[in-house]
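File shown: target_35.tsv (TSV, C-alpha atoms and all ligand atoms).
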chain	number	residue	atom	x	y	z
A	1	MET	CA	27.49	-1.32	-78.19
A	2	ALA	CA	25.74	-4.66	-77.87
A	3	GLU	CA	26.11	-8.35	-78.59
A	4	VAL	CA	24.30	-9.94	-81.52
A	5	VAL	CA	23.05	-13.51	-81.15
A	6	LEU	CA	21.57	-15.70	-83.89
A	7	LYS	CA	19.89	-18.95	-82.86
A	8	ASP	CA	18.74	-21.54	-85.41
A	9	VAL	CA	18.06	-18.83	-87.97
A	10	VAL	CA	16.38	-20.01	-91.18
A	11	LYS	CA	15.42	-18.14	-94.34
A	12	ASN	CA	13.91	-20.12	-97.17
A	13	TYR	CA	12.36	-19.14	-100.45
A	14	GLY	CA	10.25	-22.23	-101.15
A	15	SER	CA	12.72	-25.08	-101.43
A	16	ILE	CA	15.77	-22.76	-101.54
A	17	TYR	CA	17.32	-22.44	-98.09
A	18	ALA	CA	19.35	-19.23	-98.32
A	19	VAL	CA	20.17	-19.52	-94.60
A	20	ASN	CA	19.80	-22.93	-93.01
A	21	ASN	CA	19.74	-23.21	-89.22
A	22	VAL	CA	22.55	-20.77	-88.56
A	23	SER	CA	23.59	-19.97	-84.97
A	24	PHE	CA	26.45	-17.79	-83.77
A	25	MET	CA	27.15	-15.07	-81.24
A	26	VAL	CA	28.97	-11.80	-81.84
A	27	ALA	CA	30.18	-10.56	-78.46
A	28	ASP	CA	29.91	-6.89	-77.53
A	29	GLY	CA	32.76	-5.06	-79.26
A	30	GLU	CA	33.70	-7.97	-81.51
A	31	PHE	CA	34.33	-7.79	-85.27
A	32	VAL	CA	32.89	-10.85	-86.99
A	33	ALA	CA	33.20	-11.45	-90.72
A	34	LEU	CA	30.73	-13.58	-92.68
A	35	VAL	CA	32.62	-15.14	-95.57
A	36	GLY	CA	31.91	-17.61	-98.32
A	37	PRO	CA	31.46	-17.86	-102.07
A	38	SER	CA	28.71	-16.11	-104.01
A	39	GLY	CA	25.25	-17.37	-103.06
A	40	CYS	CA	26.31	-18.94	-99.75
A	41	GLY	CA	23.84	-16.83	-97.74
A	42	LYS	CA	26.01	-14.10	-96.20
A	43	THR	CA	23.99	-11.09	-97.37
A	44	THR	CA	20.73	-12.80	-96.44
A	45	THR	CA	22.12	-13.41	-92.93
A	46	LEU	CA	23.08	-9.73	-92.61
A	47	ASN	CA	19.70	-8.59	-93.92
A	48	LEU	CA	17.98	-10.82	-91.38
A	49	ILE	CA	19.98	-9.20	-88.56
A	50	ALA	CA	19.05	-5.77	-89.96
A	51	GLY	CA	15.39	-6.76	-90.25
A	52	LEU	CA	15.26	-5.93	-93.96
A	53	ILE	CA	13.68	-9.31	-94.74
A	54	PRO	CA	11.48	-11.51	-92.51
A	55	MET	CA	12.92	-14.71	-91.01
A	56	SER	CA	11.41	-18.13	-91.71
A	57	GLY	CA	12.55	-19.43	-88.32
A	58	GLY	CA	14.86	-18.89	-85.36
A	59	ASP	CA	15.63	-15.99	-83.05
A	60	ILE	CA	17.87	-12.91	-83.25
A	61	HIS	CA	18.84	-10.92	-80.17
A	62	ILE	CA	20.60	-7.54	-80.29
A	63	GLY	CA	21.76	-6.71	-76.78
A	64	ASP	CA	19.07	-7.88	-74.39
A	65	ARG	CA	16.24	-7.49	-76.91
A	66	LEU	CA	14.64	-10.17	-79.05
A	67	VAL	CA	14.35	-8.30	-82.35
A	68	ASN	CA	12.49	-10.90	-84.48
A	69	ASP	CA	9.45	-8.65	-84.89
A	70	LEU	CA	11.12	-5.24	-84.73
A	71	ASP	CA	11.32	-2.93	-87.75
A	72	PRO	CA	14.85	-2.11	-88.98
A	73	LYS	CA	14.58	1.45	-87.62
A	74	ASP	CA	13.84	0.12	-84.14
A	75	ARG	CA	16.81	-2.26	-84.03
A	76	ASP	CA	19.40	0.46	-83.34
A	77	ILE	CA	21.80	-0.80	-85.97
A	78	ALA	CA	23.65	1.08	-88.71
A	79	MET	CA	24.35	-0.39	-92.12
A	80	VAL	CA	27.20	0.39	-94.51
A	81	PHE	CA	26.79	-0.90	-98.03
A	82	GLN	CA	28.99	-1.49	-101.03
A	83	ASN	CA	27.49	1.53	-102.82
A	84	TYR	CA	27.75	4.21	-100.20
A	85	ALA	CA	24.33	5.66	-101.08
A	86	LEU	CA	25.42	9.20	-100.22
A	87	TYR	CA	23.05	12.01	-101.18
A	88	PRO	CA	24.81	13.60	-104.18
A	89	ASN	CA	23.35	17.09	-103.70
A	90	LYS	CA	24.06	17.35	-100.01
A	91	THR	CA	27.41	18.33	-98.52
A	92	VAL	CA	29.32	15.82	-96.42
A	93	PHE	CA	28.08	17.68	-93.32
A	94	SER	CA	24.45	17.36	-94.45
A	95	ASN	CA	24.95	13.71	-95.38
A	96	LEU	CA	26.14	13.03	-91.83
A	97	ALA	CA	23.49	15.25	-90.25
A	98	PHE	CA	20.56	13.80	-92.19
A	99	PRO	CA	19.91	10.65	-90.09
A	100	LEU	CA	20.00	12.83	-86.96
A	101	GLN	CA	17.62	15.41	-88.43
A	102	MET	CA	15.24	12.55	-89.20
A	103	ARG	CA	15.39	11.67	-85.52
A	104	LYS	CA	14.58	15.29	-84.73
A	105	LEU	CA	17.67	15.96	-82.64
A	106	ALA	CA	18.44	19.54	-81.60
A	107	LYS	CA	20.68	21.43	-84.04
A	108	SER	CA	23.44	21.83	-81.45
A	109	ASP	CA	23.43	18.08	-80.70
A	110	ILE	CA	23.58	17.31	-84.41
A	111	ASP	CA	26.52	19.65	-84.78
A	112	THR	CA	28.41	18.04	-81.89
A	113	LYS	CA	27.82	14.48	-83.15
A	114	VAL	CA	28.76	15.29	-86.76
A	115	GLN	CA	31.96	17.05	-85.67
A	116	ALA	CA	32.87	14.12	-83.38
A	117	ALA	CA	32.33	11.52	-86.13
A	118	ALA	CA	34.24	13.65	-88.65
A	119	LYS	CA	37.14	13.85	-86.21
A	120	VAL	CA	37.24	10.06	-85.66
A	121	LEU	CA	37.27	9.48	-89.42
A	122	ASP	CA	39.57	12.39	-90.25
A	123	ILE	CA	37.12	14.05	-92.65
A	124	THR	CA	36.65	17.39	-90.86
A	125	HIS	CA	38.31	19.20	-93.77
A	126	LEU	CA	35.83	17.64	-96.19
A	127	LEU	CA	32.58	18.63	-94.45
A	128	GLU	CA	31.64	21.33	-96.97
A	129	ARG	CA	32.31	19.23	-100.06
A	130	LYS	CA	29.79	17.29	-102.15
A	131	PRO	CA	30.29	13.51	-102.58
A	132	ARG	CA	31.41	13.88	-106.21
A	133	GLU	CA	34.33	16.00	-105.00
A	134	LEU	CA	35.64	13.09	-102.91
A	135	SER	CA	37.81	10.09	-103.71
A	136	GLY	CA	36.39	6.57	-103.31
A	137	GLY	CA	38.15	6.14	-99.97
A	138	GLN	CA	36.85	9.49	-98.70
A	139	GLN	CA	33.30	8.60	-99.77
A	140	GLN	CA	33.69	5.35	-97.89
A	141	ARG	CA	34.70	7.25	-94.77
A	142	VAL	CA	31.65	9.52	-95.10
A	143	ALA	CA	29.45	6.43	-95.37
A	144	LEU	CA	31.07	5.11	-92.18
A	145	GLY	CA	30.57	8.51	-90.56
A	146	ARG	CA	26.89	8.46	-91.37
A	147	ALA	CA	26.63	5.10	-89.63
A	148	LEU	CA	28.71	6.33	-86.70
A	149	VAL	CA	26.66	9.47	-85.89
A	150	ARG	CA	23.67	7.26	-85.18
A	151	ASP	CA	25.46	5.78	-82.19
A	152	PRO	CA	24.17	2.31	-83.08
A	153	ARG	CA	24.26	-0.86	-80.98
A	154	ALA	CA	26.00	-2.64	-83.89
A	155	PHE	CA	27.40	-1.90	-87.34
A	156	LEU	CA	26.37	-4.16	-90.21
A	157	MET	CA	28.61	-3.87	-93.26
A	158	ASP	CA	28.01	-5.51	-96.64
A	159	GLU	CA	31.13	-5.63	-98.82
A	160	PRO	CA	31.91	-1.98	-97.98
A	161	LEU	CA	35.30	-2.03	-99.73
A	162	SER	CA	34.46	-3.85	-102.93
A	163	ASN	CA	34.05	-0.68	-105.03
A	164	LEU	CA	37.56	0.50	-104.25
A	165	ASP	CA	40.68	-0.29	-106.26
A	166	ALA	CA	43.09	-2.87	-104.86
A	167	LYS	CA	45.51	-0.41	-103.24
A	168	LEU	CA	42.82	1.66	-101.57
A	169	ARG	CA	41.09	-1.50	-100.39
A	170	VAL	CA	44.22	-2.51	-98.48
A	171	GLN	CA	44.49	0.97	-96.97
A	172	MET	CA	40.81	1.11	-95.99
A	173	ARG	CA	41.16	-2.37	-94.49
A	174	SER	CA	43.62	-0.96	-91.95
A	175	GLU	CA	41.42	2.09	-91.36
A	176	LEU	CA	38.34	-0.03	-90.71
A	177	LYS	CA	40.32	-2.17	-88.32
A	178	ARG	CA	41.46	0.94	-86.49
A	179	PHE	CA	37.88	2.30	-86.49
A	180	HIS	CA	36.75	-0.90	-84.83
A	181	GLN	CA	39.53	-0.87	-82.26
A	182	ASP	CA	39.11	2.81	-81.36
A	183	LEU	CA	35.35	2.58	-80.93
A	184	ASN	CA	35.21	-0.94	-79.51
A	185	ALA	CA	32.35	-1.39	-81.96
A	186	THR	CA	30.30	-4.52	-82.56
A	187	VAL	CA	30.67	-5.18	-86.29
A	188	VAL	CA	29.16	-7.85	-88.53
A	189	TYR	CA	30.95	-7.65	-91.86
A	190	VAL	CA	30.08	-9.49	-95.09
A	191	THR	CA	32.78	-10.21	-97.62
A	192	HIS	CA	33.54	-12.82	-100.27
A	193	ASP	CA	37.23	-12.02	-99.81
A	194	GLN	CA	38.67	-14.38	-97.23
A	195	LEU	CA	41.79	-12.21	-96.93
A	196	GLU	CA	39.68	-9.26	-95.72
A	197	ALA	CA	38.10	-11.51	-93.12
A	198	VAL	CA	41.40	-13.00	-91.98
A	199	THR	CA	43.12	-9.62	-91.67
A	200	MET	CA	40.34	-7.65	-89.97
A	201	ALA	CA	38.04	-9.92	-88.01
A	202	ASP	CA	38.23	-11.25	-84.45
A	203	LYS	CA	36.21	-14.23	-85.65
A	204	MET	CA	34.93	-15.48	-88.95
A	205	VAL	CA	31.77	-17.36	-89.93
A	206	VAL	CA	32.55	-19.46	-93.00
A	207	MET	CA	29.37	-20.26	-94.93
A	208	SER	CA	28.55	-22.53	-97.86
A	209	GLY	CA	25.13	-23.46	-99.25
A	210	GLY	CA	23.29	-21.56	-96.50
A	211	LEU	CA	25.06	-23.58	-93.80
A	212	LEU	CA	27.56	-22.37	-91.23
A	213	GLN	CA	30.65	-24.47	-91.84
A	214	GLN	CA	32.96	-23.07	-89.15
A	215	TYR	CA	32.92	-20.22	-86.62
A	216	ASP	CA	36.22	-19.41	-84.97
A	217	THR	CA	39.16	-17.02	-84.94
A	218	PRO	CA	40.88	-16.63	-88.32
A	219	ALA	CA	44.00	-18.28	-86.85
A	220	ASN	CA	42.06	-21.36	-85.72
A	221	VAL	CA	40.13	-21.60	-88.98
A	222	PHE	CA	43.41	-21.42	-90.86
A	223	ALA	CA	45.19	-23.95	-88.63
A	224	ASN	CA	42.30	-26.38	-88.10
A	225	PRO	CA	39.77	-26.23	-90.93
A	226	VAL	CA	36.83	-28.49	-90.08
A	227	ASN	CA	36.30	-29.79	-93.61
A	228	THR	CA	37.70	-29.68	-97.14
A	229	PHE	CA	35.47	-26.74	-98.09
A	230	VAL	CA	36.91	-24.50	-95.36
A	231	ALA	CA	40.42	-25.83	-96.04
A	232	SER	CA	40.25	-24.79	-99.67
A	233	PHE	CA	38.41	-21.48	-99.06
A	234	VAL	CA	40.62	-19.92	-96.38
A	235	GLY	CA	44.25	-19.19	-97.26
A	236	SER	CA	45.94	-17.96	-100.40
A	237	PRO	CA	47.10	-19.84	-102.36
A	238	ALA	CA	44.53	-22.40	-101.26
A	239	MET	CA	45.44	-25.51	-99.28
A	240	SER	CA	46.24	-28.32	-101.72
A	241	LEU	CA	44.02	-31.37	-101.43
A	242	ILE	CA	45.15	-34.78	-102.71
A	243	PRO	CA	42.73	-37.76	-102.69
A	244	LEU	CA	44.58	-40.94	-101.58
A	245	GLU	CA	44.00	-44.43	-100.19
A	246	VAL	CA	45.04	-45.62	-96.70
A	247	VAL	CA	46.81	-48.97	-96.33
A	248	SER	CA	47.52	-50.27	-92.84
A	249	LYS	CA	50.05	-52.85	-91.72
A	250	GLY	CA	49.69	-53.66	-88.03
A	251	THR	CA	50.10	-50.44	-86.10
A	252	GLU	CA	51.54	-48.64	-89.09
A	253	ALA	CA	49.78	-47.04	-92.03
A	254	ALA	CA	50.67	-45.23	-95.22
A	255	LEU	CA	48.92	-43.24	-97.91
A	256	THR	CA	49.17	-44.84	-101.32
A	257	SER	CA	48.70	-43.56	-104.81
A	258	PRO	CA	47.77	-45.44	-107.99
A	259	GLU	CA	50.94	-43.77	-109.32
A	260	GLY	CA	52.78	-46.42	-107.29
A	261	TRP	CA	54.21	-44.52	-104.33
A	262	GLU	CA	53.59	-44.78	-100.59
A	263	LEU	CA	53.81	-42.07	-97.94
A	264	PRO	CA	54.36	-43.57	-94.45
A	265	LEU	CA	52.45	-41.71	-91.71
A	266	SER	CA	53.52	-40.57	-88.23
A	267	SER	CA	51.71	-42.28	-85.35
A	268	ALA	CA	49.33	-39.32	-84.83
A	269	ASN	CA	48.49	-39.32	-88.53
A	270	VAL	CA	48.03	-43.11	-88.50
A	271	ARG	CA	45.36	-42.68	-85.81
A	272	LYS	CA	43.67	-39.97	-87.88
A	273	ALA	CA	43.80	-41.97	-91.11
A	274	LEU	CA	42.40	-45.09	-89.45
A	275	SER	CA	39.42	-43.13	-88.09
A	276	SER	CA	38.21	-42.48	-91.64
A	277	SER	CA	34.80	-43.96	-92.50
A	278	THR	CA	36.30	-45.63	-95.59
A	279	SER	CA	39.87	-46.26	-96.72
A	280	LYS	CA	39.74	-43.10	-98.83
A	281	VAL	CA	41.16	-39.88	-97.38
A	282	VAL	CA	42.16	-36.46	-98.64
A	283	LEU	CA	45.61	-35.21	-97.74
A	284	GLY	CA	45.73	-31.43	-97.23
A	285	ALA	CA	48.88	-29.30	-97.13
A	286	ARG	CA	49.56	-25.57	-97.20
A	287	HIS	CA	52.18	-24.31	-99.63
A	288	SER	CA	54.55	-23.11	-96.91
A	289	THR	CA	54.72	-26.54	-95.22
A	290	LEU	CA	56.01	-28.39	-98.29
A	291	LYS	CA	59.65	-28.93	-99.30
A	292	LEU	CA	60.73	-29.47	-102.86
A	293	HIS	CA	63.59	-31.84	-103.71
A	294	LYS	CA	65.26	-32.23	-107.08
A	295	SER	CA	65.86	-35.93	-106.50
A	296	ALA	CA	64.16	-38.73	-104.56
A	297	ALA	CA	64.31	-38.13	-100.78
A	298	PRO	CA	62.94	-39.98	-97.74
A	299	GLY	CA	59.32	-39.00	-97.02
A	300	ALA	CA	59.01	-37.21	-100.37
A	301	VAL	CA	56.63	-38.24	-103.16
A	302	PRO	CA	57.10	-37.72	-106.89
A	303	GLY	CA	55.38	-34.99	-108.84
A	304	LYS	CA	55.64	-33.06	-112.07
A	305	VAL	CA	55.98	-29.28	-112.23
A	306	TYR	CA	53.03	-27.63	-114.00
A	307	THR	CA	53.63	-23.87	-113.65
A	308	VAL	CA	56.25	-21.64	-112.02
A	309	GLU	CA	55.22	-18.13	-110.92
A	310	PRO	CA	57.94	-15.81	-109.59
A	311	THR	CA	56.44	-12.95	-107.52
A	312	GLY	CA	59.67	-11.32	-106.33
A	313	ASP	CA	60.13	-12.45	-102.71
A	314	ILE	CA	58.61	-15.88	-103.24
A	315	THR	CA	58.19	-18.15	-106.22
A	316	PHE	CA	54.99	-20.18	-106.35
A	317	ALA	CA	54.98	-23.47	-108.22
A	318	GLN	CA	52.13	-25.80	-109.03
A	319	VAL	CA	53.07	-29.45	-109.06
A	320	PHE	CA	50.88	-32.36	-110.15
A	321	ILE	CA	50.79	-35.14	-107.55
A	322	ASN	CA	48.45	-38.05	-108.15
A	323	GLY	CA	46.41	-35.90	-110.55
A	324	ALA	CA	45.92	-33.08	-108.00
A	325	VAL	CA	47.43	-29.62	-108.32
A	326	VAL	CA	49.66	-28.90	-105.34
A	327	ASN	CA	50.79	-25.32	-104.54
A	328	ILE	CA	54.24	-24.87	-103.11
A	329	SER	CA	56.22	-21.75	-102.26
A	330	LEU	CA	59.94	-21.63	-102.99
A	331	ASP	CA	62.89	-19.39	-102.50
A	332	PRO	CA	63.36	-17.45	-105.77
A	333	SER	CA	66.88	-18.92	-106.05
A	334	VAL	CA	65.43	-22.42	-106.66
A	335	ALA	CA	65.53	-23.03	-110.42
A	336	ILE	CA	62.79	-25.31	-111.69
A	337	ALA	CA	60.98	-25.54	-115.01
A	338	PRO	CA	57.55	-26.74	-116.18
A	339	ASP	CA	57.38	-30.52	-116.77
A	340	GLU	CA	60.40	-31.15	-114.52
A	341	GLN	CA	60.24	-34.23	-112.30
A	342	VAL	CA	60.49	-33.23	-108.60
A	343	TRP	CA	59.85	-34.80	-105.17
A	344	ILE	CA	57.70	-33.13	-102.53
A	345	ALA	CA	58.14	-33.76	-98.80
A	346	PHE	CA	55.22	-33.27	-96.40
A	347	ASP	CA	55.50	-32.00	-92.83
A	348	GLN	CA	53.75	-34.69	-90.79
A	349	ASP	CA	52.99	-32.24	-87.94
A	350	ARG	CA	51.35	-29.70	-90.22
A	351	MET	CA	49.57	-31.89	-92.76
A	352	HIS	CA	45.79	-32.35	-92.64
A	353	LEU	CA	43.77	-35.49	-93.23
A	354	PHE	CA	40.10	-35.43	-94.23
A	355	ASP	CA	37.58	-38.24	-94.61
A	356	ALA	CA	37.01	-38.44	-98.38
A	357	ALA	CA	33.40	-39.62	-97.91
A	358	THR	CA	32.25	-37.01	-95.37
A	359	THR	CA	34.85	-34.27	-96.22
A	360	MET	CA	35.31	-33.75	-92.45
A	361	ALA	CA	38.73	-33.30	-90.81
A	362	LEU	CA	39.95	-36.52	-89.17
A	363	LYS	CA	40.98	-36.48	-85.53
A	364	ALA	CA	43.51	-38.72	-83.82
A	365	VAL	CA	41.46	-41.15	-81.70
B	1	LIG	P1	26.83	-12.79	-103.02
B	1	LIG	O1	28.24	-12.77	-102.49
B	1	LIG	O2	26.76	-13.16	-104.47
B	1	LIG	O3	26.06	-11.54	-102.69
B	1	LIG	P2	25.60	-14.20	-100.80
B	1	LIG	O4	26.45	-15.19	-100.11
B	1	LIG	O5	25.42	-12.88	-100.13
B	1	LIG	O6	26.09	-14.02	-102.29
B	1	LIG	P3	22.73	-14.37	-100.69
B	1	LIG	O7	22.46	-13.12	-101.45
B	1	LIG	O8	22.53	-14.34	-99.23
B	1	LIG	O9	24.20	-14.91	-101.01
B	1	LIG	O10	21.82	-15.53	-101.33
B	1	LIG	C1	21.81	-16.85	-100.81
B	1	LIG	C2	20.94	-17.74	-101.68
B	1	LIG	O11	19.56	-17.34	-101.59
B	1	LIG	C3	21.29	-17.69	-103.15
B	1	LIG	O12	21.17	-18.99	-103.67
B	1	LIG	C4	20.23	-16.77	-103.74
B	1	LIG	O13	19.99	-17.09	-105.08
B	1	LIG	C5	19.04	-17.08	-102.86
B	1	LIG	N1	18.12	-15.92	-102.76
B	1	LIG	C6	18.42	-14.73	-102.22
B	1	LIG	N2	17.33	-13.90	-102.29
B	1	LIG	C7	16.35	-14.60	-102.88
B	1	LIG	C8	14.98	-14.31	-103.25
B	1	LIG	N3	14.41	-13.12	-102.99
B	1	LIG	N4	14.28	-15.30	-103.84
B	1	LIG	C9	14.82	-16.51	-104.09
B	1	LIG	N5	16.10	-16.84	-103.77
B	1	LIG	C10	16.85	-15.91	-103.18

Show the structure stored in the file as structure tokens.
Amino acid sequence: MAEVVLKDVVKNYGSIYAVNNVSFMVADGEFVALVGPSGCGKTTTLNLIAGLIPMSGGDIHIGDRLVNDLDPKDRDIAMVFQNYALYPNKTVFSNLAFPLQMRKLAKSDIDTKVQAAAKVLDITHLLERKPRELSGGQQQRVALGRALVRDPRAFLMDEPLSNLDAKLRVQMRSELKRFHQDLNATVVYVTHDQLEAVTMADKMVVMSGGLLQQYDTPANVFANPVNTFVASFVGSPAMSLIPLEVVSKGTEAALTSPEGWELPLSSANVRKALSSSTSKVVLGARHSTLKLHKSAAPGAVPGKVYTVEPTGDITFAQVFINGAVVNISLDPSVAIAPDEQVWIAFDQDRMHLFDAATTMALKAV
């Protein structure tokens, strides 16, 4: 397999910048997910790597080759799409063999490669069937097999699981992960589902508006989102974001709300808050870091329960604090009701502070 490197890649359609100066490197054998909301530029980025559309600027290397001017067929990549595009009248064997026949390989070589791919994907028993005789998950495996027989330098996958039902998607997620691990394959994988990215990828590229917002391991993106967009996109339920004002008194500082409460900050958070470009900040907190109290408690701020959603193991509640909806997870034994007055305590070591003007994460200086 090979590494894939994008440097200052641009694709514009007139004034629309579908991909705007994007750079990242996928190391040999790495699984990188491109994630972001609809229209953020993920598919365009993948199509640029594949060579399906011309670039407006920048460079793409696959392995040691600059591929800017190479046709898709000369890039040695294999694509797997959302619709598997299997040939309906060919058997699974013929579907897998077809790309090799096009390359004029000897029949015995084709046979060996098809059998090897079928073994990896556990579809040997399906080789004589037609695609319509397969389940969605089996069709997906055949589509992967067809990519695999080509022995590509990288796999490019565009939402390959989105046609499957929820249960099968979870199962195929594990299978794809295993496929990647077993083959040590270089994979660039497009999805709008951040959970797919977090669970499968070594690294994720979070995109918005054609721009790369953050490129890091899922764990780092989750723990240290660079801005409010990434904070609210990665994680489920989303990180809660509460716009507040900073007031400082000497070396101390607190967040204040027009609702009349103050939340004193730890010294590390004071340094972050005071590095904001204005006195306005956004407080971010993940549901699992919050504690709910039924009465006023030190370090807790008042809120009003909006909804309560029991899911079995965990109950999720939404609480209004300073006009913002805050998600919190609770033990199912905690009894609360909509419209109840509660107090929410923040974990100073795990809260996030963002500059309200720039949306960027604040650092302790
Ligand atoms: P989705 O998840 O909906 O597929 P995406 O993140 O893959 O979205 P892209 O398909 O890459 O987004 O599109 C990025 C932006 O470029 C969008 O605003 C889209 O409207 C625009 N765009 C894509 N192709 C063209 C085109 N041929 N002409 C004009 N604009 C285009």

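Counting only C-alpha atoms, the residue from A:Leu100, A:Ala78, A:Val92, A:Val226 that sits nearest to Thr124 (chain A) is A:Val92.
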
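Of the listed residues (A:Pro160, A:Gly210, A:Pro88, A:Gly51), A:Gly210 comes nearest to ligand LIG 1 (chain B); the distances count all atoms listed in the file.
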
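Using only C-alpha atoms and all ligand atoms, the smallest distance between any of A:Asp111, A:Glu262, A:Asp64, A:Asp158 and ligand LIG 1 (chain B) comes from A:Asp158.
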
Tell me, as an mmCIF file with C-alpha atoms, keeping the file's coordinate frame, which residues lie within 8 Å of Gly209 (chain A), counting all atoms listed in the file; anything in the same chain fewer than 2 positions away does not count.
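Output contents, as saved in selection_9.cif:
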data_model
loop_
_atom_site.group_PDB
_atom_site.id
_atom_site.type_symbol
_atom_site.label_atom_id
_atom_site.label_comp_id
_atom_site.auth_asym_id
_atom_site.auth_seq_id
_atom_site.Cartn_x
_atom_site.Cartn_y
_atom_site.Cartn_z
ATOM 1 C CA TYR A 17 17.320 -22.440 -98.090
ATOM 2 C CA ALA A 18 19.350 -19.230 -98.320
ATOM 3 C CA VAL A 19 20.170 -19.520 -94.600
ATOM 4 C CA GLY A 39 25.250 -17.370 -103.060
ATOM 5 C CA CYS A 40 26.310 -18.940 -99.750
ATOM 6 C CA GLY A 41 23.840 -16.830 -97.740
ATOM 7 C CA MET A 207 29.370 -20.260 -94.930
ATOM 8 C CA LEU A 211 25.060 -23.580 -93.800
#

Compile the contact shell of region 298-303 of chain A as an mmCIF file with C-alpha atoms, keeping the file's coordinate frame: residues with an atom at most 7 Å away, counting all atoms listed in the file, same-chain residues fewer than 3 positions apart removed.
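See part-v2.cif below for the written result:
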data_model
loop_
_atom_site.group_PDB
_atom_site.id
_atom_site.type_symbol
_atom_site.label_atom_id
_atom_site.label_comp_id
_atom_site.auth_asym_id
_atom_site.auth_seq_id
_atom_site.Cartn_x
_atom_site.Cartn_y
_atom_site.Cartn_z
ATOM 1 C CA TRP A 261 54.210 -44.520 -104.330
ATOM 2 C CA LEU A 263 53.810 -42.070 -97.940
ATOM 3 C CA VAL A 319 53.070 -29.450 -109.060
ATOM 4 C CA PHE A 320 50.880 -32.360 -110.150
ATOM 5 C CA ILE A 321 50.790 -35.140 -107.550
ATOM 6 C CA GLN A 341 60.240 -34.230 -112.300
ATOM 7 C CA VAL A 342 60.490 -33.230 -108.600
ATOM 8 C CA TRP A 343 59.850 -34.800 -105.170
ATOM 9 C CA ILE A 344 57.700 -33.130 -102.530
ATOM 10 C CA ALA A 345 58.140 -33.760 -98.800
ATOM 11 C CA PHE A 346 55.220 -33.270 -96.400
#

Which polymer residues have any atom within 8 Å of an atom of Phe354 (chain A), counting only C-alpha atoms, with same-chain residues fewer than 6 positions away left out, as a CSV table (one decimal) with C-alpha atoms, keeping the file's coordinate frame?
chain,number,residue,atom,x,y,z
A,227,ASN,CA,36.3,-29.8,-93.6
A,228,THR,CA,37.7,-29.7,-97.1
A,276,SER,CA,38.2,-42.5,-91.6
A,281,VAL,CA,41.2,-39.9,-97.4
A,282,VAL,CA,42.2,-36.5,-98.6
A,283,LEU,CA,45.6,-35.2,-97.7
A,284,GLY,CA,45.7,-31.4,-97.2
A,360,MET,CA,35.3,-33.8,-92.4
A,361,ALA,CA,38.7,-33.3,-90.8
A,362,LEU,CA,40.0,-36.5,-89.2

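The residue that comes closest to Thr289 (chain A), out of A:Leu121, A:His352, A:Asp165, A:Gln139 and on the basis of all atoms listed in the file, is A:His352.
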
Exercise for review: Find the residues near Val270 (chain A): any atom within 10 Å, counting all atoms listed in the file, skip ones fewer than 5 places away on the same chain, and give them as an NGL selection string.
Suggested key: :A and (246-248 or 251-255 or 264-265 or 275 or 353 or 364-365)

Practice item. Tell me, in Å to one decimal, how far CA of Ala268 (chain A) is from CA of Asn220 (chain A). Key: 19.4 Å

Counting all atoms listed in the file, which residues of chain A fall within 12 Å of ligand LIG 1 (chain B), and what is the closest atom pair for each with its distance in Å at one decimal, ordered by chain and rising number, as CSV?
residue,atom,partner,partner_atom,distance
A:Val10,CA,B:LIG1,O11,11.2
A:Lys11,CA,B:LIG1,O11,8.4
A:Asn12,CA,B:LIG1,N5,7.7
A:Tyr13,CA,B:LIG1,C9,5.1
A:Gly14,CA,B:LIG1,C9,7.9
A:Ser15,CA,B:LIG1,N5,9.2
A:Ile16,CA,B:LIG1,N5,6.3
A:Tyr17,CA,B:LIG1,O11,6.6
A:Ala18,CA,B:LIG1,O11,3.8
A:Val19,CA,B:LIG1,C1,7.0
A:Asn20,CA,B:LIG1,C1,10.1
A:Leu34,CA,B:LIG1,O4,8.7
A:Val35,CA,B:LIG1,O4,7.7
A:Gly36,CA,B:LIG1,O4,6.2
A:Pro37,CA,B:LIG1,O4,6.0
A:Ser38,CA,B:LIG1,O2,3.6
A:Gly39,CA,B:LIG1,O9,3.4
A:Cys40,CA,B:LIG1,O4,3.8
A:Gly41,CA,B:LIG1,O8,3.2
A:Lys42,CA,B:LIG1,O4,4.1
A:Thr43,CA,B:LIG1,O5,3.6
A:Thr44,CA,B:LIG1,O8,3.7
A:Thr45,CA,B:LIG1,O8,6.4
A:Leu46,CA,B:LIG1,O8,8.1
A:Asn47,CA,B:LIG1,O8,8.3
A:Leu48,CA,B:LIG1,O8,9.7
A:Leu52,CA,B:LIG1,N3,11.6
A:Ile53,CA,B:LIG1,N3,9.1
A:Pro54,CA,B:LIG1,N3,11.0
A:Phe81,CA,B:LIG1,O3,11.6
A:Gln82,CA,B:LIG1,O3,10.6
A:Met157,CA,B:LIG1,O5,11.8
A:Asp158,CA,B:LIG1,O5,8.6
A:Glu159,CA,B:LIG1,O1,8.5
A:Ser162,CA,B:LIG1,O1,10.9
A:Tyr189,CA,B:LIG1,O5,11.2
A:Val190,CA,B:LIG1,O5,7.7
A:Thr191,CA,B:LIG1,O1,7.1
A:His192,CA,B:LIG1,O1,5.7
A:Asp193,CA,B:LIG1,O1,9.4
A:Gln194,CA,B:LIG1,O1,11.8
A:Val205,CA,B:LIG1,O4,11.7
A:Val206,CA,B:LIG1,O4,10.3
A:Met207,CA,B:LIG1,O4,7.8
A:Ser208,CA,B:LIG1,O4,8.0
A:Gly209,CA,B:LIG1,O12,7.4
A:Gly210,CA,B:LIG1,C1,6.6
A:Leu211,CA,B:LIG1,C1,10.2
A:Leu212,CA,B:LIG1,O4,11.5
